[in-house]
Amino acid sequence: MSASFAFATTWTPATDSEPLGYGLELTNTGDAPVSNFQLGFSGPARVDPHATLENGRLLKRLSNHTLVAPPDGFVLNPGETWTATARGLSYGLRHWSDGANSAYVVLEDGRVINIPTAPTAGKGHNSPLLKGAPKFPVPAKAPVSHSIIPWPKSVATSGNRIAPAGLDLKPVGEAASEAAKGFSGLVADLFSVEALVRPASEAGMPVHLSEKSGLGDEAYEIEFADNSATISASTRHGFFYGLVTLGHMLRGARLHPSTFTWPTGGRIEDEPGFSFRGSHLDVARQFYTGAEVSRLIEIMAWNKMNKFHWHLTEDEAWRIEISAYPALTEIGAWRGHGKALPPMLGSGPQPTGGYYTKDVMRQIVALAESLSISVIPEVDMPGHFYAALQALPELRDPDETGEYQSVQGFPNNSLNPAHEPVYKFVETVIDEVLEIFPAGVFHLGADEVPLAAWSGSPLALDMIEKLAGPAMRAKHESQFNQLGNHHGADEIEGSPTAVLQSAFIRRVHDYISKKGAITGGWEEAAHGDAVDKDKSYVIGWRNVEINAELAERGFDIVVSPGQRYYLDMANGISWAEPGAGWAGWSGPQETYEFEARAGFSEKGLQHLLGVQSCIWSESMTDRAIFDRLVFPRLSAVAEAGWTLPERKNYERFKALVGLMPIMYGHWAAE
Ligand code: TNX
């Protein structure tokens with residue numbers, strides 16, 4: 001007897017007369033009847049803790065993993081479909097990629113059968129589902145004669161010639177040589193057969209790199225002649241960016257010779273508007289191999305981005321090898337049926353996941369360094385800590401009772417600030433992390449601690465009383481067994497939870513400072529001024545306005561509003577677009593035109609370090625979705641980080657961006 005199934009889900013929004021319906025349809029495609037089975041499924045959408053299931057039983061839910069069973073005595077015969085309807089989701093589905101994308105059946109005899117899962121069908125939505133990067137064909141006539149993204153500060157070239165076949169790099173001095181080496185490796189990886197760098201014997205045009213004092217840390221100048229170019233810079237970074245500019249121009253002029261030209265005279269002078277031009281990658285919700293991370297870093301370098309924020313830990317997984325605590329990766333890096341972490345976000349019943357060994361991380365740091373990118377590791381705490389707590393339950397207050405839940409539906413997911421062993425653990429992790437990542441920045445997260453966190457922990461309640469008095473203790477006790485807000489992150493500012501969180505952040509921040517490193521944090525790290533402003537920076541993400549407010553209070557700021565720079569948000573409002581929607585949607589143009597400086601005072605601008613795109617991975621099971629969401633919006637953020645507002649121009653960007661590399665090579669069909 002062979003057991004096989006098909007699974008489909010449907011989405012029907014609430015109406016005046018009926019609550020929302022999330023339909024589950026399991027078809028028996030095998031040749032024998034089955035009974036007493038269970039159905040597990042996952043994908044971004046979360047069945048709400050208060051949900052009911054019609055025509056079935058809700059057995060278990062953990063975040064977006066749900067386990068259900070048919071009514072008692074139910075038999076599913078070959079060819080038949082069991083349909084059940086969940087009433088209650090943490091958020092209504094907005095896009096086709098929101099629903100379940102993996103499922104499995106556990107049979108009565110314990111066998112686990114993986115099930116092909118169709119994308120959720122949204123009621124009334126019939127247009128073809130979109131995947132792959134949107135295409136931006138290079139036009140016959142572009143608004144500018146050179147293809148360069150981000151657009152430089154000043155382009156005053158003259159003359160034109162047939163583009164050289166490649167560039168023969170002639171560095172003088174160490175800074176120039178290192179930049180030349182980094183650039184040669186970069187183009188060999190990104191565009192191998194194009195041979196952008198080639199010797200004179202293969203028609204490489206000489207490019208001289210000569211040191212010039214007095215230019216900014218990332219500034220460069222290029223002077224063009226008939227059959228050569230000269231890059232001047234004061235640093236390795238300046239040389240590197242000069243080379244990247246030549247590389248862009250060369251690709252444009254060679255691949256689209258009737259649109260773009262190569263100059264015989266004149267100059268380009270350039271330097272970035274912001275010193276922080278970053279992208280983040282969440283490798284916890286989905287795992288990306290070292291090779292994938294390396295390619296993203298190379299693509300960032302081609303966009304002249306200089307900070308890679310590596311989001312290494314989450315509720316759903318722990319991805320970083322820590323020698324002192326092998327359980328973190330043995331247990332925390334793998335999801336699967338019957339494991340400490342269930343299948344989530346489409347990861348299926350078989351063990352799925354992975355982690356980075358120290359060797360791999362060191363290689364990635366070295367690669368990034370050679371491309372003028374520094375790597376900022378994030379270990380997200382005290383919230384978003386479920387995976388590590390599953391691996392190391394001894395980090396919990398042993399007397400804690402009750403349950404609280406995070407916005408993403410994880411129970412009791414936060415490191416307890418009142419439990420002393422937590423600090424030894426955190427300090428050991430920081431020691432090991434800073435050894436791997438020499439950039440001197442440790443991002444400690446600090447986002448989204450649930451309002452009811454630790455309300456059943458006697459240790460935590462005592463600590464609140466000590467810090468803020470008996471009334472605050474009582475206030476926190478009243479949160480006991482409150483499941484929290486599943487329809488948006490809790491607002492904790494001013495609460496007893498924030499008192500505990502900021503005491504925790506303060507202590508961890510002091511340790512990071514003692515080690516000589518800067519603390520990074522999400523905007524919540526600023527609650528109660530828990531971090532010293534001269535030894536930290538924070539990322540504003542919940543809305544646009546928060547950034548100027550925090551800068552006004554004196555915090556160094558990196559701008560990454562969910563509404564514009566979260567690259568997991570869909571490109572448009574339609575169901576056919578994949579991606580998330582809690583912060584709305586943002587097409588390439590909206591992302592491009594967003595201006596980080598808007599709303600800042602003169603004083604606030606002093607604290608504006610720059611911009612960052614965030615690649616959250618809940619929706620990225622399918623790498624064709626990754627390509628659609630990340631490109632070309634990554635370049636839009638990169639240009640906003642480099643090019644001054646008065647020189648940004650979407651028409652120009654649109655004409656050039658089709659030349660930029662994407663991650664996996666999935667392009668949209670049209
Ligand atoms: C909010 S941003 C989160 C993440 C999610 C993201 C999805 C932030 C600091 N927390 O945990 O992945 O939204 O858009």
# chains A, B, ... in the order shown; residues from 1 in each chain; ligands from 1

$ residues_near_ligand --ligand "ligand 1" --cutoff "7 Å" --atoms "only C-alpha atoms and all ligand atoms" --output "PyMOL selection string"
chain A and resi 447-448+522+541+562+566+568-569+580+582+616-618

$ write_last_selection --atoms "N, CA and C atoms" --output "PDB file, in the first residue's frame"
ATOM      1  N   ASP A 447      14.521  43.802  19.538  1.00  0.00           N
ATOM      2  CA  ASP A 447      13.190  44.068  18.994  1.00  0.00           C
ATOM      3  C   ASP A 447      12.139  43.117  19.561  1.00  0.00           C
ATOM      4  N   GLU A 448      10.930  43.647  19.620  1.00  0.00           N
ATOM      5  CA  GLU A 448       9.712  42.859  19.768  1.00  0.00           C
ATOM      6  C   GLU A 448       9.660  41.916  20.975  1.00  0.00           C
ATOM      7  N   TRP A 522      17.960  47.369  17.217  1.00  0.00           N
ATOM      8  CA  TRP A 522      16.753  47.901  16.585  1.00  0.00           C
ATOM      9  C   TRP A 522      16.262  49.059  17.451  1.00  0.00           C
ATOM     10  N   TRP A 541      12.687  51.175  12.368  1.00  0.00           N
ATOM     11  CA  TRP A 541      12.057  50.259  11.407  1.00  0.00           C
ATOM     12  C   TRP A 541      10.544  50.270  11.408  1.00  0.00           C
ATOM     13  N   GLY A 562      10.119  49.776   7.605  1.00  0.00           N
ATOM     14  CA  GLY A 562       9.446  48.624   6.994  1.00  0.00           C
ATOM     15  C   GLY A 562       8.682  49.030   5.745  1.00  0.00           C
ATOM     16  N   TYR A 566      12.039  47.468   3.813  1.00  0.00           N
ATOM     17  CA  TYR A 566      11.958  46.034   4.127  1.00  0.00           C
ATOM     18  C   TYR A 566      11.689  45.297   2.825  1.00  0.00           C
ATOM     19  N   ASP A 568      11.184  42.344   2.235  1.00  0.00           N
ATOM     20  CA  ASP A 568      10.202  41.259   2.225  1.00  0.00           C
ATOM     21  C   ASP A 568       8.802  41.787   1.918  1.00  0.00           C
ATOM     22  N   MET A 569       8.570  43.100   2.019  1.00  0.00           N
ATOM     23  CA  MET A 569       7.256  43.632   1.650  1.00  0.00           C
ATOM     24  C   MET A 569       7.058  43.474   0.145  1.00  0.00           C
ATOM     25  N   ALA A 580       5.448  39.907   2.001  1.00  0.00           N
ATOM     26  CA  ALA A 580       4.677  40.246   3.194  1.00  0.00           C
ATOM     27  C   ALA A 580       3.952  41.566   2.991  1.00  0.00           C
ATOM     28  N   TRP A 582       2.683  43.564   6.211  1.00  0.00           N
ATOM     29  CA  TRP A 582       2.296  44.273   7.447  1.00  0.00           C
ATOM     30  C   TRP A 582       2.619  45.762   7.375  1.00  0.00           C
ATOM     31  N   TRP A 616      14.168  40.218   5.206  1.00  0.00           N
ATOM     32  CA  TRP A 616      13.559  39.231   6.106  1.00  0.00           C
ATOM     33  C   TRP A 616      13.090  38.056   5.264  1.00  0.00           C
ATOM     34  N   SER A 617      13.198  36.866   5.802  1.00  0.00           N
ATOM     35  CA  SER A 617      13.111  35.695   4.919  1.00  0.00           C
ATOM     36  C   SER A 617      11.857  34.847   5.055  1.00  0.00           C
ATOM     37  N   GLU A 618      10.870  35.322   5.800  1.00  0.00           N
ATOM     38  CA  GLU A 618       9.677  34.486   5.962  1.00  0.00           C
ATOM     39  C   GLU A 618       9.123  34.018   4.618  1.00  0.00           C
TER      40      GLU A 618
END

$ residues_around --residues "region 42-47 of chain A" --least-positions-apart "6" --cutoff "7 Å" --atoms "only C-alpha atoms" --output "PyMOL selection string"
chain A and resi 63-66+88-90+98-103+343-346+618-619

$ residues_around --residues "Arg161 (chain A)" --least-positions-apart "4" --cutoff "12 Å" --atoms "only C-alpha atoms" --output "number ranges by chain"
A: 157, 165, 224-228, 250, 253-254, 257-258, 260-265

$ closest_residue --among "A:Ser210, A:Thr313, A:Ser613, A:Asn481" --to "Ser635 (chain A)" --atoms "only C-alpha atoms"
A:Ser613

$ select_by_dssp --residues "region 305-528 of chain A" --states "alpha helix (DSSP H)" --output "tab-separated table (two decimals) with C-alpha atoms, in the first residue's frame"
chain	number	residue	atom	x	y	z
A	327	ALA	CA	23.67	22.41	21.53
A	328	LEU	CA	22.83	25.77	20.00
A	329	THR	CA	23.53	24.47	16.52
A	330	GLU	CA	22.97	20.75	17.15
A	331	ILE	CA	19.42	21.49	18.23
A	332	GLY	CA	18.76	25.09	17.23
A	358	LYS	CA	33.58	29.55	12.36
A	359	ASP	CA	35.71	28.79	9.30
A	360	VAL	CA	32.91	29.65	6.94
A	361	MET	CA	32.15	32.87	8.80
A	362	ARG	CA	35.81	33.88	8.75
A	363	GLN	CA	35.97	33.27	5.01
A	364	ILE	CA	32.91	35.41	4.51
A	365	VAL	CA	34.31	38.20	6.67
A	366	ALA	CA	37.54	38.09	4.64
A	367	LEU	CA	35.68	38.18	1.35
A	368	ALA	CA	33.57	41.12	2.53
A	369	GLU	CA	36.65	42.93	3.78
A	370	SER	CA	38.31	42.56	0.37
A	386	TYR	CA	13.00	30.55	21.14
A	387	ALA	CA	15.41	28.31	19.20
A	388	ALA	CA	18.26	28.88	21.65
A	389	LEU	CA	15.97	28.32	24.62
A	390	GLN	CA	14.86	25.02	23.12
A	391	ALA	CA	18.53	24.06	22.89
A	421	PRO	CA	23.25	32.35	34.35
A	422	VAL	CA	21.91	34.19	31.29
A	423	TYR	CA	24.72	36.76	31.57
A	424	LYS	CA	27.53	34.24	31.57
A	425	PHE	CA	25.97	32.70	28.48
A	426	VAL	CA	25.57	36.05	26.72
A	427	GLU	CA	29.11	37.13	27.56
A	428	THR	CA	30.56	33.89	26.22
A	429	VAL	CA	28.59	34.31	23.01
A	430	ILE	CA	29.79	37.90	22.66
A	431	ASP	CA	33.40	36.83	23.24
A	432	GLU	CA	33.21	34.21	20.54
A	433	VAL	CA	31.30	36.39	18.10
A	434	LEU	CA	33.68	39.32	18.37
A	435	GLU	CA	36.56	36.96	17.69
A	436	ILE	CA	35.02	35.97	14.38
A	458	PRO	CA	9.36	34.91	40.22
A	459	LEU	CA	12.91	36.09	39.56
A	460	ALA	CA	11.74	38.65	37.02
A	461	LEU	CA	8.92	39.91	39.26
A	462	ASP	CA	11.36	40.43	42.13
A	463	MET	CA	13.67	42.31	39.81
A	464	ILE	CA	10.89	44.63	38.65
A	465	GLU	CA	9.95	45.35	42.24
A	466	LYS	CA	13.55	46.20	43.01
A	467	LEU	CA	13.94	48.45	39.99
A	468	ALA	CA	10.53	50.09	39.81
A	470	PRO	CA	5.61	47.17	44.00
A	471	ALA	CA	3.04	48.86	41.78
A	472	MET	CA	5.02	47.96	38.66
A	473	ARG	CA	5.39	44.42	39.96
A	474	ALA	CA	1.64	44.17	40.38
A	475	LYS	CA	1.14	45.62	36.91
A	476	HIS	CA	3.36	42.95	35.47
A	477	GLU	CA	1.72	40.18	37.47
A	496	PRO	CA	7.40	46.82	33.38
A	497	THR	CA	8.64	44.69	30.48
A	498	ALA	CA	10.59	47.66	29.14
A	499	VAL	CA	12.11	48.20	32.59
A	500	LEU	CA	13.47	44.66	32.54
A	501	GLN	CA	14.49	44.78	28.91
A	502	SER	CA	16.43	48.01	29.32
A	503	ALA	CA	18.23	46.71	32.42
A	504	PHE	CA	19.23	43.70	30.36
A	505	ILE	CA	20.28	45.76	27.34
A	506	ARG	CA	22.26	48.12	29.57
A	507	ARG	CA	24.22	45.27	31.12
A	508	VAL	CA	24.93	43.57	27.80
A	509	HIS	CA	25.81	46.90	26.20
A	510	ASP	CA	28.30	47.59	29.00
A	511	TYR	CA	29.95	44.27	28.33
A	512	ILE	CA	30.14	44.97	24.59
A	513	SER	CA	31.63	48.41	25.32
A	514	LYS	CA	34.16	46.90	27.69

$ select_by_dssp --residues "region 179-292 of chain A" --states "strand (DSSP E or B)" --output "ChimeraX atom specification"
/A:197,204-211,220-225,228-233,262,265-270,276-282

$ residues_around --residues "Pro450 (chain A)" --least-positions-apart "3" --cutoff "12 Å" --atoms "only C-alpha atoms" --output "ChimeraX atom specification"
/A:382-385,403-415,446-447,453-455,476,479-486,488-493,495-498,500-501,524

$ residues_around --residues "Ser574 (chain A)" --least-positions-apart "2" --cutoff "12 Å" --atoms "only C-alpha atoms" --output "list in words"
Leu93, Arg94, His95, Trp96, Ser97, Gly122, Gly124, His125, Asn126, Ser127, Pro128, Leu129, Leu130, Met569, Ala570, Asn571, Gly572, Ala576, Glu577, Pro578, Gly579, Ala580, Gly581, Gly584, Trp585, Ser586 and Gly587 of chain A

$ residues_around --residues "Glu523 (chain A)" --least-positions-apart "6" --cutoff "6 Å" --atoms "only C-alpha atoms" --output "number ranges by chain"
A: 538-540

$ write_last_selection --atoms "N, CA and C atoms" --output "mmCIF file, in the first residue's frame"
data_model
loop_
_atom_site.group_PDB
_atom_site.id
_atom_site.type_symbol
_atom_site.label_atom_id
_atom_site.label_comp_id
_atom_site.auth_asym_id
_atom_site.auth_seq_id
_atom_site.Cartn_x
_atom_site.Cartn_y
_atom_site.Cartn_z
ATOM 1 N N VAL A 538 21.224 52.818 16.372
ATOM 2 C CA VAL A 538 19.967 52.067 16.323
ATOM 3 C C VAL A 538 19.333 52.190 14.937
ATOM 4 N N ILE A 539 18.531 51.174 14.613
ATOM 5 C CA ILE A 539 17.867 51.149 13.311
ATOM 6 C C ILE A 539 16.380 51.390 13.524
ATOM 7 N N GLY A 540 15.864 52.452 12.931
ATOM 8 C CA GLY A 540 14.428 52.730 13.015
ATOM 9 C C GLY A 540 13.711 51.915 11.962
#

$ closest_residue --among "A:Pro349, A:Pro632, A:Gly185, A:Pro13" --to "Phe653 (chain A)" --atoms "only C-alpha atoms"
A:Pro632

$ closest_residue --among "A:Lys304, A:Pro119, A:Gly247, A:Tyr91" --to "Gly166 (chain A)" --atoms "only C-alpha atoms"
A:Gly247

$ closest_residue --among "A:Pro134, A:Gly252, A:Pro171, A:Gly238" --to "Glu194 (chain A)" --atoms "only C-alpha atoms"
A:Gly252

$ residues_around --residues "Thr83 (chain A)" --least-positions-apart "3" --cutoff "7 Å" --atoms "only C-alpha atoms" --output "compact mmCIF listing (two decimals) with N, CA and C atoms, in the first residue's frame"
# COMPACT_ATOMS: atom_id res chain seq x y z
N GLY A 23 -9.11 27.71 4.42
CA GLY A 23 -9.57 26.36 4.09
C GLY A 23 -8.40 25.40 3.90
N LEU A 24 -8.54 24.21 4.46
CA LEU A 24 -7.52 23.18 4.32
C LEU A 24 -8.14 22.02 3.55
N GLU A 25 -7.51 21.63 2.47
CA GLU A 25 -8.07 20.56 1.64
C GLU A 25 -7.03 19.48 1.43
N LEU A 26 -7.27 18.34 2.03
CA LEU A 26 -6.31 17.23 1.92
C LEU A 26 -6.95 16.13 1.08

$ closest_residue --among "A:Ala179, A:Val138, A:Leu656, A:Val283" --to "Arg236 (chain A)" --atoms "only C-alpha atoms"
A:Ala179

$ atom_distance --atom1 "CA of Gly610 (chain A)" --atom2 "CA of Phe555 (chain A)"
12.6 Å

$ closest_residue --among "A:Val379, A:Val193, A:Ala175, A:Val657" --to "Ala317 (chain A)" --atoms "only C-alpha atoms"
A:Val379
